[in-house]
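Have a look at the structure below, then the notes.
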Amino acid sequence: MDRIESFARDLNAGFPGTGIFFGEPMRKHTTFRIGGTVSLFAEPKSIEAFVWAERELRGRGIEHMILGNGSNVLFSDNPHRLVVLSTARLDTLRVSGDSLISGAGVLLSRLAAAAAREGLTGLEFAQGIPGSLGGGIYMNAGAYGGELREVTEAVTYLDVNGVLRTVPRDECDFGYRHSRFEDTGEAILSATLRLRPGDPEKIRERMEELAAMRREKQPMNMPSAGSTFKRPKDGFAAKLIDDAGLKGLTVGGAQVSEKHAGFIVNTGNATYDDVTALMELVKRGVYESSGITLEPEVRLIP
């Protein structure tokens, strides 16, 4: 029995009911619908189980990564000798006054809906973001002028030594599509979001307005990872790509969306190589057109 099989056996013995899947295709767990198999895909159903698993993986020297809703990740089509630890079942959510206390696996759309029901404003921007809270904090997700750093009060995480800690927003090093957790390897487990009382009708109207804008302007009906490139200091990635004449450019099954040039979409049979080759063509074309170098927003797992 190898180390990964031994780990899976012990995880299941200690925490019955944990989702354990060997040779799991990552195309099933990413919004791009692309990706080869991983050695083990595990879904702990409690923070206790998740903490045990993360500590054991580190202690046994097993290569692993933590995955939320897979909305900003592109896996290669190769088999990966890797354990993926999913936060999907860390999905507890409760309301306390003006705050939401949420597990890392709760979808941002669910959080926004819960806030609206409670008459709390500040999360309207998040209702159409396909990620989970943990992944959203990891990259400081945002849309339509809002970002998670604006509403995050505190984050509870497991540090690299296996110690549970909680830090306030000011210690999260939030920046544009960035947080400290991208650099430290710390595992986000839950967070407290502080919102404000608002008019429930106005909150719903704003959410409906943003949903309509997304449907009109974004390729919601095609697999993608959202915005493929970060917003550069000068200008917007989508406009730069459009101005370079690259809208609709295709490599294999990957295409620069004809609806929104900031999205690369999977037209049905795209591979990792298709997407990454198209990304390079777009970067080169934008640089030749504008002198600006685009940086990927999508996390690549070769």
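Labels for the structure tokens follow display order: chains A, B, ..., residues from 1 in each chain, ligands from 1.
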Residues of range 70-179 of chain A that have any atom at most 10 Å from an atom of range 10-24 of chain A: could you tabulate them with the shortest-distance atom pair and the distance in Å to one decimal, using only C-alpha atoms, ordered by chain and increasing number, as CSV?
residue,atom,partner,partner_atom,distance
A:Pro79,CA,A:Gly23,CA,8.3
A:His80,CA,A:Gly23,CA,9.0
A:Arg81,CA,A:Gly23,CA,9.5
A:Leu82,CA,A:Gly23,CA,9.8
A:Val83,CA,A:Phe22,CA,9.3
A:Val84,CA,A:Glu24,CA,9.5
A:Leu85,CA,A:Ile20,CA,9.8
A:Ser86,CA,A:Gly19,CA,9.3
A:Arg89,CA,A:Gly19,CA,9.3
Residues at most 10 Å from Ser46 in chain A, counting only C-alpha atoms, excluding those fewer than 6 positions away in the same chain, as number ranges by chain? A: 15, 18, 52, 87, 89-92, 103, 189
Include N, CA and C atoms and write out the residues we just selected as a JSON list (two decimals), in the first residue's frame.
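Result file part.json:
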[["chain", "number", "residue", "atom", "x", "y", "z"],
["A", 15, "PHE", "N", -12.72, 9.28, 10.07],
["A", 15, "PHE", "CA", -13.86, 10.17, 9.77],
["A", 15, "PHE", "C", -14.75, 9.50, 8.72],
["A", 18, "THR", "N", -16.39, 10.56, 4.86],
["A", 18, "THR", "CA", -15.58, 11.45, 4.03],
["A", 18, "THR", "C", -15.66, 10.99, 2.57],
["A", 52, "TRP", "N", -7.42, 17.43, 10.33],
["A", 52, "TRP", "CA", -6.66, 16.17, 10.46],
["A", 52, "TRP", "C", -6.01, 15.83, 9.13],
["A", 87, "THR", "N", -12.76, 21.75, -0.14],
["A", 87, "THR", "CA", -13.47, 22.43, 0.95],
["A", 87, "THR", "C", -14.99, 22.40, 0.74],
["A", 89, "ARG", "N", -17.47, 20.62, 1.39],
["A", 89, "ARG", "CA", -18.40, 20.25, 2.45],
["A", 89, "ARG", "C", -18.19, 21.05, 3.74],
["A", 90, "LEU", "N", -17.28, 22.02, 3.68],
["A", 90, "LEU", "CA", -17.15, 22.98, 4.80],
["A", 90, "LEU", "C", -18.15, 24.09, 4.51],
["A", 91, "ASP", "N", -19.43, 23.75, 4.63],
["A", 91, "ASP", "CA", -20.48, 24.61, 4.08],
["A", 91, "ASP", "C", -21.47, 25.13, 5.12],
["A", 92, "THR", "N", -21.02, 25.23, 6.37],
["A", 92, "THR", "CA", -21.90, 25.79, 7.40],
["A", 92, "THR", "C", -22.01, 27.30, 7.21],
["A", 103, "GLY", "N", -18.37, 28.78, 6.44],
["A", 103, "GLY", "CA", -17.31, 27.85, 6.10],
["A", 103, "GLY", "C", -16.71, 28.19, 4.76],
["A", 189, "LEU", "N", -10.21, 28.08, 6.36],
["A", 189, "LEU", "CA", -11.27, 27.19, 6.83],
["A", 189, "LEU", "C", -12.62, 27.88, 6.95]]
Between CA of Pro219 in chain A and CA of Glu295 in chain A, what is the distance in Å, rounded to a tenth?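 Value for the CA of Pro219 in chain A-CA of Glu295 in chain A distance: 21.1 Å.
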Grab the CA of Thr293 in chain A to CA of His178 in chain A distance for me, in Å with one decimal place.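 Spanning CA of Thr293 in chain A to CA of His178 in chain A is a straight-line distance of 18.4 Å.
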Just list the residues in range 34-112 of chain A DSSP gives strand (DSSP E) on the backbone, as a ChimeraX atom specification. /A:37-43,64-67,73-75,80-86,93-96,99-103
Using only N, CA and C atoms, please write the residues we just selected to a file, as a compact mmCIF listing (two decimals), in the first residue's frame.
# COMPACT_ATOMS: atom_id res chain seq x y z
N THR A 37 -6.74 13.21 -14.33
CA THR A 37 -7.05 12.60 -13.04
C THR A 37 -6.03 13.01 -11.97
N VAL A 38 -6.47 12.96 -10.72
CA VAL A 38 -5.57 13.10 -9.58
C VAL A 38 -5.59 11.78 -8.81
N SER A 39 -4.53 11.52 -8.09
CA SER A 39 -4.44 10.24 -7.37
C SER A 39 -5.60 10.07 -6.40
N LEU A 40 -5.91 11.16 -5.68
CA LEU A 40 -6.99 11.09 -4.69
C LEU A 40 -7.67 12.44 -4.60
N PHE A 41 -8.99 12.42 -4.60
CA PHE A 41 -9.81 13.60 -4.37
C PHE A 41 -10.59 13.34 -3.10
N ALA A 42 -10.39 14.17 -2.07
CA ALA A 42 -11.01 13.93 -0.77
C ALA A 42 -11.87 15.12 -0.35
N GLU A 43 -13.06 14.82 0.18
CA GLU A 43 -14.00 15.84 0.64
C GLU A 43 -14.31 15.63 2.12
N HIS A 64 0.00 17.84 -2.16
CA HIS A 64 -1.44 18.05 -2.18
C HIS A 64 -1.76 19.52 -2.43
N MET A 65 -3.01 19.76 -2.75
CA MET A 65 -3.48 21.13 -2.88
C MET A 65 -4.91 21.20 -2.38
N ILE A 66 -5.31 22.41 -2.03
CA ILE A 66 -6.67 22.65 -1.53
C ILE A 66 -7.47 23.30 -2.65
N LEU A 67 -8.70 22.83 -2.84
CA LEU A 67 -9.53 23.32 -3.92
C LEU A 67 -10.90 23.71 -3.39
N VAL A 73 -9.18 27.75 -11.76
CA VAL A 73 -8.07 26.80 -11.86
C VAL A 73 -8.15 26.05 -13.18
N LEU A 74 -7.00 25.82 -13.79
CA LEU A 74 -6.93 25.03 -15.01
C LEU A 74 -5.89 23.92 -14.82
N PHE A 75 -6.37 22.68 -14.76
CA PHE A 75 -5.50 21.51 -14.63
C PHE A 75 -5.10 21.01 -16.01
N HIS A 80 -2.15 13.38 -12.48
CA HIS A 80 -1.42 14.13 -11.46
C HIS A 80 -1.21 13.25 -10.24
N ARG A 81 0.04 13.08 -9.86
CA ARG A 81 0.35 12.34 -8.63
C ARG A 81 0.16 13.33 -7.47
N LEU A 82 -1.09 13.47 -7.07
CA LEU A 82 -1.47 14.58 -6.21
C LEU A 82 -2.74 14.24 -5.45
N VAL A 83 -2.82 14.72 -4.21
CA VAL A 83 -4.07 14.65 -3.44
C VAL A 83 -4.72 16.02 -3.49
N VAL A 84 -5.98 16.06 -3.86
CA VAL A 84 -6.76 17.30 -3.83
C VAL A 84 -7.70 17.23 -2.64
N LEU A 85 -7.57 18.21 -1.77
CA LEU A 85 -8.40 18.29 -0.56
C LEU A 85 -9.45 19.36 -0.81
N SER A 86 -10.70 18.95 -0.93
CA SER A 86 -11.78 19.86 -1.29
C SER A 86 -12.43 20.47 -0.05
N LEU A 93 -23.17 27.84 7.51
CA LEU A 93 -23.42 29.27 7.37
C LEU A 93 -24.43 29.72 8.41
N ARG A 94 -24.07 30.76 9.16
CA ARG A 94 -25.02 31.32 10.10
C ARG A 94 -24.92 32.83 10.11
N VAL A 95 -26.00 33.44 10.53
CA VAL A 95 -26.09 34.90 10.58
C VAL A 95 -26.04 35.33 12.04
N SER A 96 -25.23 36.34 12.32
CA SER A 96 -25.15 36.89 13.67
C SER A 96 -25.16 38.41 13.57
N SER A 99 -23.43 40.19 10.64
CA SER A 99 -22.33 39.36 10.14
C SER A 99 -22.81 38.02 9.62
N LEU A 100 -22.07 37.49 8.64
CA LEU A 100 -22.22 36.12 8.19
C LEU A 100 -20.98 35.35 8.62
N ILE A 101 -21.16 34.23 9.30
CA ILE A 101 -20.05 33.37 9.69
C ILE A 101 -20.15 32.12 8.82
N SER A 102 -19.16 31.92 7.97
CA SER A 102 -19.30 30.94 6.90
C SER A 102 -18.09 30.04 6.78
N GLY A 103 -18.37 28.78 6.44
CA GLY A 103 -17.31 27.85 6.10
C GLY A 103 -16.71 28.19 4.76
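The residue that comes closest to Ala187 in chain A, out of A:Tyr144, A:Phe7, A:Tyr138, A:Phe32 and on the basis of only C-alpha atoms, is A:Tyr138.
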Within 12 Å of Thr228 in chain A, counting only C-alpha atoms, which residues qualify if same-chain residues fewer than 4 places away don't, as a PDB file with C-alpha atoms, in the first residue's frame?
ATOM      1  CA  PHE A  32     -13.417  25.038 -17.257  1.00  0.00           C
ATOM      2  CA  SER A  71     -13.660  28.303 -10.714  1.00  0.00           C
ATOM      3  CA  ASN A  72     -10.231  29.871 -11.199  1.00  0.00           C
ATOM      4  CA  VAL A  73      -8.071  26.798 -11.856  1.00  0.00           C
ATOM      5  CA  LEU A  74      -6.925  25.029 -15.013  1.00  0.00           C
ATOM      6  CA  SER A 224     -14.622  29.047 -18.525  1.00  0.00           C
ATOM      7  CA  PHE A 236      -8.845  46.731 -19.116  1.00  0.00           C
ATOM      8  CA  ALA A 237      -7.808  43.309 -20.369  1.00  0.00           C
ATOM      9  CA  ALA A 238     -10.994  42.733 -22.372  1.00  0.00           C
ATOM     10  CA  ILE A 241      -7.770  42.051 -26.338  1.00  0.00           C
ATOM     11  CA  GLN A 255     -11.763  30.392 -27.948  1.00  0.00           C
ATOM     12  CA  VAL A 256     -11.506  34.033 -26.951  1.00  0.00           C
ATOM     13  CA  SER A 257     -15.188  34.602 -26.275  1.00  0.00           C
ATOM     14  CA  HIS A 260     -16.592  39.082 -23.844  1.00  0.00           C
ATOM     15  CA  ALA A 261     -12.949  39.180 -24.920  1.00  0.00           C
ATOM     16  CA  GLY A 262     -11.767  38.869 -21.318  1.00  0.00           C
ATOM     17  CA  PHE A 263     -12.979  35.254 -21.219  1.00  0.00           C
ATOM     18  CA  ILE A 264     -11.379  32.228 -22.814  1.00  0.00           C
ATOM     19  CA  VAL A 265     -14.085  29.584 -23.151  1.00  0.00           C
ATOM     20  CA  VAL A 275      -6.109  27.073 -23.531  1.00  0.00           C
ATOM     21  CA  THR A 276      -2.504  27.826 -22.605  1.00  0.00           C
ATOM     22  CA  LEU A 278      -4.356  30.603 -26.812  1.00  0.00           C
ATOM     23  CA  MET A 279      -3.363  32.554 -23.701  1.00  0.00           C
ATOM     24  CA  GLU A 280       0.155  32.961 -25.111  1.00  0.00           C
ATOM     25  CA  VAL A 282      -3.401  36.688 -26.683  1.00  0.00           C
ATOM     26  CA  LYS A 283      -0.527  37.935 -24.510  1.00  0.00           C
ATOM     27  CA  LEU A 294      -1.130  40.730 -19.556  1.00  0.00           C
ATOM     28  CA  GLU A 295      -0.793  38.516 -16.488  1.00  0.00           C
ATOM     29  CA  PRO A 296      -2.914  35.376 -16.036  1.00  0.00           C
ATOM     30  CA  GLU A 297      -5.636  35.462 -13.417  1.00  0.00           C
ATOM     31  CA  VAL A 298      -6.269  31.738 -13.845  1.00  0.00           C
ATOM     32  CA  ARG A 299      -4.147  29.407 -11.714  1.00  0.00           C
ATOM     33  CA  LEU A 300      -2.396  26.851 -13.917  1.00  0.00           C
TER      34      LEU A 300
END
Work out how far CA of Val286 in chain A is from CA of Leu246 in chain A, in Å to one decimal.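 Interatomic distance here is 8.5 Å.
For the set A:Asp183, A:Gly145, A:Glu153, A:Ala191, the residue with the smallest atom-to-atom gap to Leu133 in chain A is A:Ala191, counting only C-alpha atoms.
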Best match for closeness to Glu150 in chain A among A:Thr31, A:Thr192, A:Asn69, A:Thr271, counting only C-alpha atoms: A:Thr192
Go through range 94-203 of chain A and collect every residue that DSSP, computed from the backbone, puts in helix (DSSP H, G or I); the answer should be as a ChimeraX atom specification. /A:108-117,124-128,133-138,148-150,169-171,181-184,200-203
Using only N, CA and C atoms, please write the residues we just selected to a file, as a short mmCIF file (atom, residue, chain, number, x, y, z; two decimals), in the first residue's frame.
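Output (result-v3.cif):
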data_model
loop_
_atom_site.label_atom_id
_atom_site.label_comp_id
_atom_site.auth_asym_id
_atom_site.auth_seq_id
_atom_site.Cartn_x
_atom_site.Cartn_y
_atom_site.Cartn_z
N LEU A 108 -20.16 31.74 -3.07
CA LEU A 108 -20.39 33.17 -2.93
C LEU A 108 -21.82 33.54 -3.31
N SER A 109 -22.39 32.84 -4.27
CA SER A 109 -23.78 33.10 -4.65
C SER A 109 -24.73 32.82 -3.49
N ARG A 110 -24.45 31.76 -2.72
CA ARG A 110 -25.28 31.43 -1.55
C ARG A 110 -25.12 32.49 -0.47
N LEU A 111 -23.91 32.98 -0.28
CA LEU A 111 -23.68 34.03 0.71
C LEU A 111 -24.44 35.30 0.35
N ALA A 112 -24.37 35.67 -0.93
CA ALA A 112 -25.06 36.88 -1.38
C ALA A 112 -26.57 36.73 -1.19
N ALA A 113 -27.10 35.56 -1.49
CA ALA A 113 -28.53 35.32 -1.32
C ALA A 113 -28.94 35.37 0.15
N ALA A 114 -28.09 34.80 1.01
CA ALA A 114 -28.38 34.83 2.45
C ALA A 114 -28.38 36.26 2.97
N ALA A 115 -27.41 37.05 2.52
CA ALA A 115 -27.35 38.45 2.94
C ALA A 115 -28.60 39.20 2.50
N ALA A 116 -29.04 38.95 1.28
CA ALA A 116 -30.23 39.63 0.77
C ALA A 116 -31.46 39.27 1.61
N ARG A 117 -31.59 38.00 1.96
CA ARG A 117 -32.75 37.57 2.77
C ARG A 117 -32.77 38.26 4.12
N GLU A 124 -23.74 42.27 -2.76
CA GLU A 124 -24.48 42.17 -4.02
C GLU A 124 -23.55 41.82 -5.18
N PHE A 125 -22.35 42.36 -5.18
CA PHE A 125 -21.40 42.13 -6.27
C PHE A 125 -21.05 40.66 -6.44
N ALA A 126 -21.19 39.87 -5.37
CA ALA A 126 -20.71 38.49 -5.37
C ALA A 126 -21.73 37.49 -5.88
N GLN A 127 -22.96 37.91 -6.15
CA GLN A 127 -24.02 36.95 -6.45
C GLN A 127 -23.77 36.15 -7.72
N GLY A 128 -22.98 36.68 -8.65
CA GLY A 128 -22.72 35.95 -9.89
C GLY A 128 -21.33 35.36 -9.99
N LEU A 133 -16.24 30.75 -0.83
CA LEU A 133 -15.68 31.80 0.02
C LEU A 133 -14.18 31.64 0.20
N GLY A 134 -13.72 30.41 0.43
CA GLY A 134 -12.29 30.20 0.64
C GLY A 134 -11.48 30.62 -0.56
N GLY A 135 -11.88 30.18 -1.75
CA GLY A 135 -11.20 30.58 -2.96
C GLY A 135 -11.32 32.06 -3.22
N GLY A 136 -12.47 32.63 -2.87
CA GLY A 136 -12.67 34.06 -3.06
C GLY A 136 -11.75 34.90 -2.21
N ILE A 137 -11.57 34.49 -0.96
CA ILE A 137 -10.65 35.22 -0.07
C ILE A 137 -9.22 35.00 -0.54
N TYR A 138 -8.90 33.78 -0.94
CA TYR A 138 -7.55 33.45 -1.42
C TYR A 138 -7.09 34.43 -2.49
N LEU A 148 -13.97 41.21 -1.94
CA LEU A 148 -14.20 40.55 -0.66
C LEU A 148 -13.47 41.24 0.49
N ARG A 149 -12.35 41.86 0.19
CA ARG A 149 -11.62 42.51 1.28
C ARG A 149 -12.45 43.59 1.96
N GLU A 150 -13.43 44.15 1.23
CA GLU A 150 -14.25 45.23 1.79
C GLU A 150 -15.20 44.74 2.87
N ARG A 169 -8.91 41.33 9.08
CA ARG A 169 -8.72 41.73 7.68
C ARG A 169 -7.39 42.42 7.45
N ASP A 170 -6.97 43.28 8.36
CA ASP A 170 -5.75 44.07 8.15
C ASP A 170 -4.50 43.21 8.05
N GLU A 171 -4.57 41.95 8.50
CA GLU A 171 -3.42 41.06 8.43
C GLU A 171 -3.52 40.06 7.27
N PHE A 181 -2.69 34.45 1.62
CA PHE A 181 -2.82 33.01 1.55
C PHE A 181 -2.28 32.43 0.24
N GLU A 182 -2.13 33.27 -0.78
CA GLU A 182 -1.48 32.82 -2.02
C GLU A 182 0.00 32.55 -1.80
N ASP A 183 0.58 33.21 -0.82
CA ASP A 183 2.03 33.15 -0.60
C ASP A 183 2.44 32.20 0.53
N THR A 184 1.54 31.95 1.48
CA THR A 184 1.95 31.28 2.71
C THR A 184 1.67 29.78 2.75
N PRO A 200 -34.10 45.71 1.83
CA PRO A 200 -34.16 44.42 1.12
C PRO A 200 -34.58 44.56 -0.34
N GLU A 201 -35.52 45.45 -0.63
CA GLU A 201 -35.98 45.61 -2.01
C GLU A 201 -34.86 46.17 -2.89
N LYS A 202 -34.12 47.16 -2.37
CA LYS A 202 -33.02 47.73 -3.14
C LYS A 202 -31.89 46.73 -3.34
N ILE A 203 -31.66 45.90 -2.32
CA ILE A 203 -30.62 44.87 -2.43
C ILE A 203 -30.99 43.89 -3.55
#
